[in-house]
Amino acid sequence: MTVLSGQITVKHNYLLFPVTILFTSLLIVACSSKEASLTADQAVIEYDLLYTLPKQPVDYDAEVRPVLENRCVVCHGCYDAPCQLKLSSPEGIHRGASKVKVYNAARITADEPTRLFIDAMTTEEWRQKGFAPVLNEGEAGPRANLEDSVMYRMLRQKQLYPQARTGMLSDDFDLGLDRVQSCPKLDEFDKYAAEHPKGGMPYAMPNLSHKDYSTLVHWLAQGAPMPQDSQPSKVAASQIKQWEAFLNGDDNRHKLVSRYLYEHLFQAHLHFAGTDDREFYRLVRSATPPGEDVVIIPTRRPYGEPPGPTVYYRIVRHQGSIVAKTHMVYELSDKRMQRYRELFFKPDYDVAELPSYEATVASNPIKTFAAIPVKSRYRFLLDEARFFVEGFIKGPVCRGQIALNVIEDQFWVVFFDPDAKIMSLNDKFLNDVADYLASPAELEDNFKLIGGKSYYEKLFQKYARTKDSLSADFKPVKLDEAMDYIWDGDGKNPNAALTIFRHTDSASVNFGFIGDYPETAWVIDFSVLERIHYLLVAGYDVYGNLGHQLNTRLYMDFLRTEGEDYFLVFLPADRRQAIRNSWYQGIRQSDKDAEGTTSWLNREYVVGYKTDDVQRELFQQIEHRLDKLAGGGDYINRCLDDSCIPKLGQNVQRITKAMRKAAKMDGGIVQFLPDLAFIRVRMGGRPEDDLAYTMISNKAYKSVSSMFEGEQIGERRDYAYDTQTIVSWLEGAYPNFFYVVELDDIEAFVEQYNNIKNRDDYEAFVYRFGLRRTNEDFWLNADWFNSKYRQEQPRLSGIYDLNRYQNR
């Protein structure tokens, strides 16, 4: 329905009942009643209320929540939700919206945190923090519940001004992540609607269906009733009692270990053995002991000083929808508790006194937890290495410009063996150099830029020189013997081999070696893994100021280089510098190579290479070392001929052969492709039997040492070395585009894809196989991808985020 010059034009995409005569009669009655001032749009409201409002309350869980999840939470589910409006839980809906942006790299002073379920617990407390309602909070009644609801009026605006149904969206739609946000309050909405007629919700996405729209309207008209928070299941309740007893022991060792566990698991979605796949919990600090209601201690960082002398570690149920971009699952069970006892309580050590919460101490885990044996801490991290690496990918930074611009687009990660005789696994050595391992997290939100960088750079160099001097007498080992330094996952732990994909400012991590042999790789020791967690997860403040964010970004550059240098140590000395130089081109040629920190480059550690391609030979040796944990070979991206493709069934074999050809696309053409594209291959039967693939564009960089976007377009990029990786599952949390292909068209899909030479060719390809934001089947397929994810990963899946979906 469109209102033009005081007239009402009824369009087929609005009427819930196509009874035009009935509607016209209603409008006449409404306009001639006591309320002679009733506007045309208000008459539509009357129509909705009088003729379609159900007598029974709309069921939130069965009817409303699915619509919110599939149409609203896809953009409103994290810190980067427009206007901080998180629609993933009743608490988020009641909290409402704010004009303050969480992501603001230019702020001079830190903002007050506004973390849901932490920084305020009631709607009134959120109002005091400046959040405005999106629901009616005035006099109740069906009509008032709609007229005085920003949420309804946003939905209604989309109905009044539906977007185009074909082609690309016009330039009227600003789809940038840093776009200006209006965030109108109720008394500002009329002005907003006049200035932004196409600004209704879902923004820049197809209109809601008749059914979905009416469901939300009826629910809002009824006062938006929502259920109480879910309580722990019986199975979980008994386990929570056991775990809270374990975590709240009275002696110093229990207190130190529990603090260590909390500071590493505070962001986890905990899952208890034997509970439903979608039932998750959080570990929190409370001012109250087990048995009493939880009272959250809302410190800015997990190691912030609590207000009272006693901290209790409590477990509460996660409320609301699960979104992929923040979903990090950590399993708790009797087996896990036994593992903790083995790691932290079986070794003989004393905790004479508990460490301080002073920022200079608490931000440095090497100092804070020095009493706990380093091998115990390292094995704890290795047990779930993917989870901890995923922390800086999915953690406090829903948008990872600070954390992720420092890494390459595709690389492999392995770890030093916890029994290897290396300095970073020596308690005395780490304690001696602990002061050198301080990071900018100790500055908290003090505004320090150049001075901060210089100070921590010097500390890093002292640490590097100390390691370098102590390894001067190292006797080289043969290549096969050097593999003993690489953790093999104890033969069964898949965390031993990881692949990280970076998609601009988001990323993902998965088990095994995926894709072609990468340009770089990391070999991580305990110190690097621990410091990454405290720099980018425990110590990172998304509300922090420019100084905090920039210093965090600069220090992560050191940690990345440390992991890459450990990989280089395994290569021949006479080849090491050339390989390193190829990685650090242009402005990536950093100043970390200060005098006295790079003598290791010319020192031989590993000998016995038999080929000229030493980097590939090392990769293959590591693959052999890890055996099946490396993933068994990537038959789409690293397969040289059809002989390495396993027997997968005739149709899957056909698709695999086609995808192998598509994976060969590389070079400058990759710049026209989405970072992350989901493919649905329709198999001709039931929708659940269709297959999903992901096309990942790996962009090459001369430098990943700058956080400024302008350099990414010019001198940072190295287009000639761009590559593609294709996987037979859904990878990542932020799809940039969808393709839908019939099985019989799979060869034509790949042929046209591989023949893309310019932007016009790509547009032709999208016209045939792509789903633009205007496509009438967009939501149908978006729902399918979410459903397929749940089908393939019932516990690890979450709702995909569409904020980065491109306007192709």
# chains A, B, ... in the order shown; residues from 1 in each chain; ligands from 1

call {"tool": "select_by_dssp", "arguments": {"residues": "segment 512-706 of chain A", "states": "strand (DSSP E or B)", "output": "list in words"}}
result
Ala521, Trp522, Val523, Ile524, Val606, Val607, Leu676, Ala677, Phe678, Ile679, Arg680, Val681, Arg682, Leu691, Ala692, Tyr693, Thr694, Met695, Ile696, Ser697, Asn698 and Tyr701 of chain A

call {"tool": "residues_around", "arguments": {"residues": "Leu730 of chain A", "least_positions_apart": "6", "cutoff": "7 Å", "atoms": "only C-alpha atoms", "output": "list in words"}}
result
Phe678, Ala692, Tyr693, Thr694 and Tyr789 of chain A

call {"tool": "write_last_selection", "arguments": {"atoms": "all heavy atoms", "output": "mmCIF file, in the first residue's frame"}}
result
data_model
loop_
_atom_site.group_PDB
_atom_site.id
_atom_site.type_symbol
_atom_site.label_atom_id
_atom_site.label_comp_id
_atom_site.auth_asym_id
_atom_site.auth_seq_id
_atom_site.Cartn_x
_atom_site.Cartn_y
_atom_site.Cartn_z
ATOM 1 N N PHE A 678 28.378 -18.535 -1.050
ATOM 2 C CA PHE A 678 27.758 -19.832 -0.808
ATOM 3 C C PHE A 678 27.104 -20.328 -2.097
ATOM 4 O O PHE A 678 26.459 -19.546 -2.811
ATOM 5 C CB PHE A 678 26.691 -19.736 0.282
ATOM 6 C CG PHE A 678 27.225 -19.561 1.675
ATOM 7 C CD1 PHE A 678 26.352 -19.367 2.738
ATOM 8 C CD2 PHE A 678 28.583 -19.590 1.941
ATOM 9 C CE1 PHE A 678 26.820 -19.204 4.038
ATOM 10 C CE2 PHE A 678 29.067 -19.427 3.236
ATOM 11 C CZ PHE A 678 28.182 -19.237 4.282
ATOM 12 N N ALA A 692 25.788 -28.088 -0.480
ATOM 13 C CA ALA A 692 26.317 -26.736 -0.249
ATOM 14 C C ALA A 692 27.829 -26.725 -0.417
ATOM 15 O O ALA A 692 28.528 -27.640 0.032
ATOM 16 C CB ALA A 692 25.949 -26.253 1.158
ATOM 17 N N TYR A 693 28.311 -25.672 -1.068
ATOM 18 C CA TYR A 693 29.742 -25.438 -1.237
ATOM 19 C C TYR A 693 30.029 -23.968 -0.907
ATOM 20 O O TYR A 693 29.126 -23.128 -0.922
ATOM 21 C CB TYR A 693 30.192 -25.740 -2.670
ATOM 22 C CG TYR A 693 30.137 -27.213 -3.032
ATOM 23 C CD1 TYR A 693 28.933 -27.823 -3.387
ATOM 24 C CD2 TYR A 693 31.288 -27.991 -3.007
ATOM 25 C CE1 TYR A 693 28.875 -29.170 -3.698
ATOM 26 C CE2 TYR A 693 31.246 -29.343 -3.328
ATOM 27 C CZ TYR A 693 30.039 -29.931 -3.673
ATOM 28 O OH TYR A 693 29.993 -31.263 -3.984
ATOM 29 N N THR A 694 31.305 -23.680 -0.647
ATOM 30 C CA THR A 694 31.723 -22.305 -0.391
ATOM 31 C C THR A 694 32.894 -21.962 -1.290
ATOM 32 O O THR A 694 33.861 -22.719 -1.374
ATOM 33 C CB THR A 694 32.146 -22.091 1.071
ATOM 34 O OG1 THR A 694 31.087 -22.516 1.933
ATOM 35 C CG2 THR A 694 32.439 -20.624 1.344
ATOM 36 N N TYR A 789 23.167 -25.528 7.298
ATOM 37 C CA TYR A 789 24.197 -25.389 8.327
ATOM 38 C C TYR A 789 23.788 -26.160 9.581
ATOM 39 O O TYR A 789 24.594 -26.897 10.173
ATOM 40 C CB TYR A 789 24.405 -23.902 8.632
ATOM 41 C CG TYR A 789 25.642 -23.573 9.431
ATOM 42 C CD1 TYR A 789 26.711 -24.449 9.550
ATOM 43 C CD2 TYR A 789 25.744 -22.338 10.074
ATOM 44 C CE1 TYR A 789 27.843 -24.117 10.279
ATOM 45 C CE2 TYR A 789 26.878 -21.992 10.806
ATOM 46 C CZ TYR A 789 27.917 -22.896 10.906
ATOM 47 O OH TYR A 789 29.027 -22.557 11.634
#

call {"tool": "residues_around", "arguments": {"residues": "segment 336-349 of chain A", "least_positions_apart": "3", "cutoff": "7 Å", "atoms": "only C-alpha atoms", "output": "list in words"}}
result
Leu332, Ser333 and Ser376 of chain A

call {"tool": "residues_around", "arguments": {"residues": "Ala132 of chain A", "least_positions_apart": "3", "cutoff": "10 Å", "atoms": "only C-alpha atoms", "output": "number ranges by chain"}}
result
A: 85, 94-99, 123, 126-129, 135, 150, 183-186

call {"tool": "write_last_selection", "arguments": {"atoms": "N, CA, C and O atoms", "output": "short mmCIF file (atom, residue, chain, number, x, y, z; two decimals), in the first residue's frame"}}
result
data_model
loop_
_atom_site.label_atom_id
_atom_site.label_comp_id
_atom_site.auth_asym_id
_atom_site.auth_seq_id
_atom_site.Cartn_x
_atom_site.Cartn_y
_atom_site.Cartn_z
N LEU A 85 20.67 -2.30 18.09
CA LEU A 85 19.39 -2.99 18.30
C LEU A 85 19.60 -4.48 18.08
O LEU A 85 19.69 -4.95 16.95
N HIS A 94 13.60 -5.47 24.33
CA HIS A 94 13.16 -4.50 25.34
C HIS A 94 14.20 -3.39 25.52
O HIS A 94 13.83 -2.24 25.79
N ARG A 95 15.48 -3.72 25.43
CA ARG A 95 16.51 -2.69 25.58
C ARG A 95 16.34 -1.59 24.54
O ARG A 95 16.46 -0.41 24.84
N GLY A 96 16.08 -1.97 23.29
CA GLY A 96 15.85 -0.98 22.25
C GLY A 96 17.11 -0.57 21.53
O GLY A 96 18.05 -1.35 21.37
N ALA A 97 17.14 0.68 21.09
CA ALA A 97 18.19 1.16 20.18
C ALA A 97 18.94 2.35 20.78
O ALA A 97 18.45 3.05 21.66
N SER A 98 20.15 2.55 20.24
CA SER A 98 20.98 3.67 20.68
C SER A 98 21.59 4.35 19.47
O SER A 98 21.89 3.71 18.46
N LYS A 99 21.79 5.66 19.57
CA LYS A 99 22.43 6.40 18.49
C LYS A 99 23.96 6.30 18.56
O LYS A 99 24.65 6.73 17.64
N THR A 123 15.13 -2.93 31.86
CA THR A 123 14.82 -1.95 30.82
C THR A 123 15.05 -0.53 31.32
O THR A 123 15.58 0.31 30.59
N TRP A 126 18.63 0.41 31.10
CA TRP A 126 19.04 0.71 29.72
C TRP A 126 18.55 2.09 29.29
O TRP A 126 19.24 2.80 28.54
N ARG A 127 17.38 2.48 29.78
CA ARG A 127 16.91 3.83 29.45
C ARG A 127 17.87 4.88 30.05
O ARG A 127 18.15 5.91 29.42
N GLN A 128 18.37 4.62 31.22
CA GLN A 128 19.32 5.54 31.85
C GLN A 128 20.63 5.61 31.08
O GLN A 128 21.36 6.59 31.17
N LYS A 129 20.92 4.57 30.32
CA LYS A 129 22.13 4.54 29.50
C LYS A 129 21.88 5.07 28.09
O LYS A 129 22.75 4.97 27.22
N LEU A 135 9.49 -0.70 21.18
CA LEU A 135 8.13 -1.15 21.44
C LEU A 135 7.36 -0.03 22.14
O LEU A 135 7.96 0.91 22.68
N VAL A 150 8.36 1.95 17.25
CA VAL A 150 9.32 2.21 16.17
C VAL A 150 9.52 0.95 15.35
O VAL A 150 9.69 1.02 14.13
N CYS A 183 18.85 5.96 13.42
CA CYS A 183 18.34 5.46 14.70
C CYS A 183 17.25 6.35 15.28
O CYS A 183 17.38 6.87 16.42
N PRO A 184 16.16 6.59 14.55
CA PRO A 184 15.14 7.53 15.03
C PRO A 184 14.39 7.01 16.25
O PRO A 184 14.07 5.83 16.34
N LYS A 185 14.12 7.93 17.16
CA LYS A 185 13.20 7.63 18.25
C LYS A 185 11.79 7.83 17.72
O LYS A 185 11.57 8.31 16.61
N LEU A 186 10.81 7.51 18.55
CA LEU A 186 9.42 7.57 18.10
C LEU A 186 9.06 8.96 17.62
O LEU A 186 8.44 9.12 16.56
#

call {"tool": "atom_distance", "arguments": {"atom1": "atom CA of Tyr635 of chain A", "atom2": "atom CA of Arg386 of chain A"}}
result
22.6 Å

call {"tool": "select_by_dssp", "arguments": {"residues": "segment 314-555 of chain A", "states": "helix (DSSP H, G or I)", "output": "number ranges by chain"}}
result
A: 324-326, 334-345, 359-362, 365-368, 374-383, 385-394, 401-404, 423-425, 427-437, 440-443, 450-470, 479-485, 489-491, 494-496, 526-538, 546-555
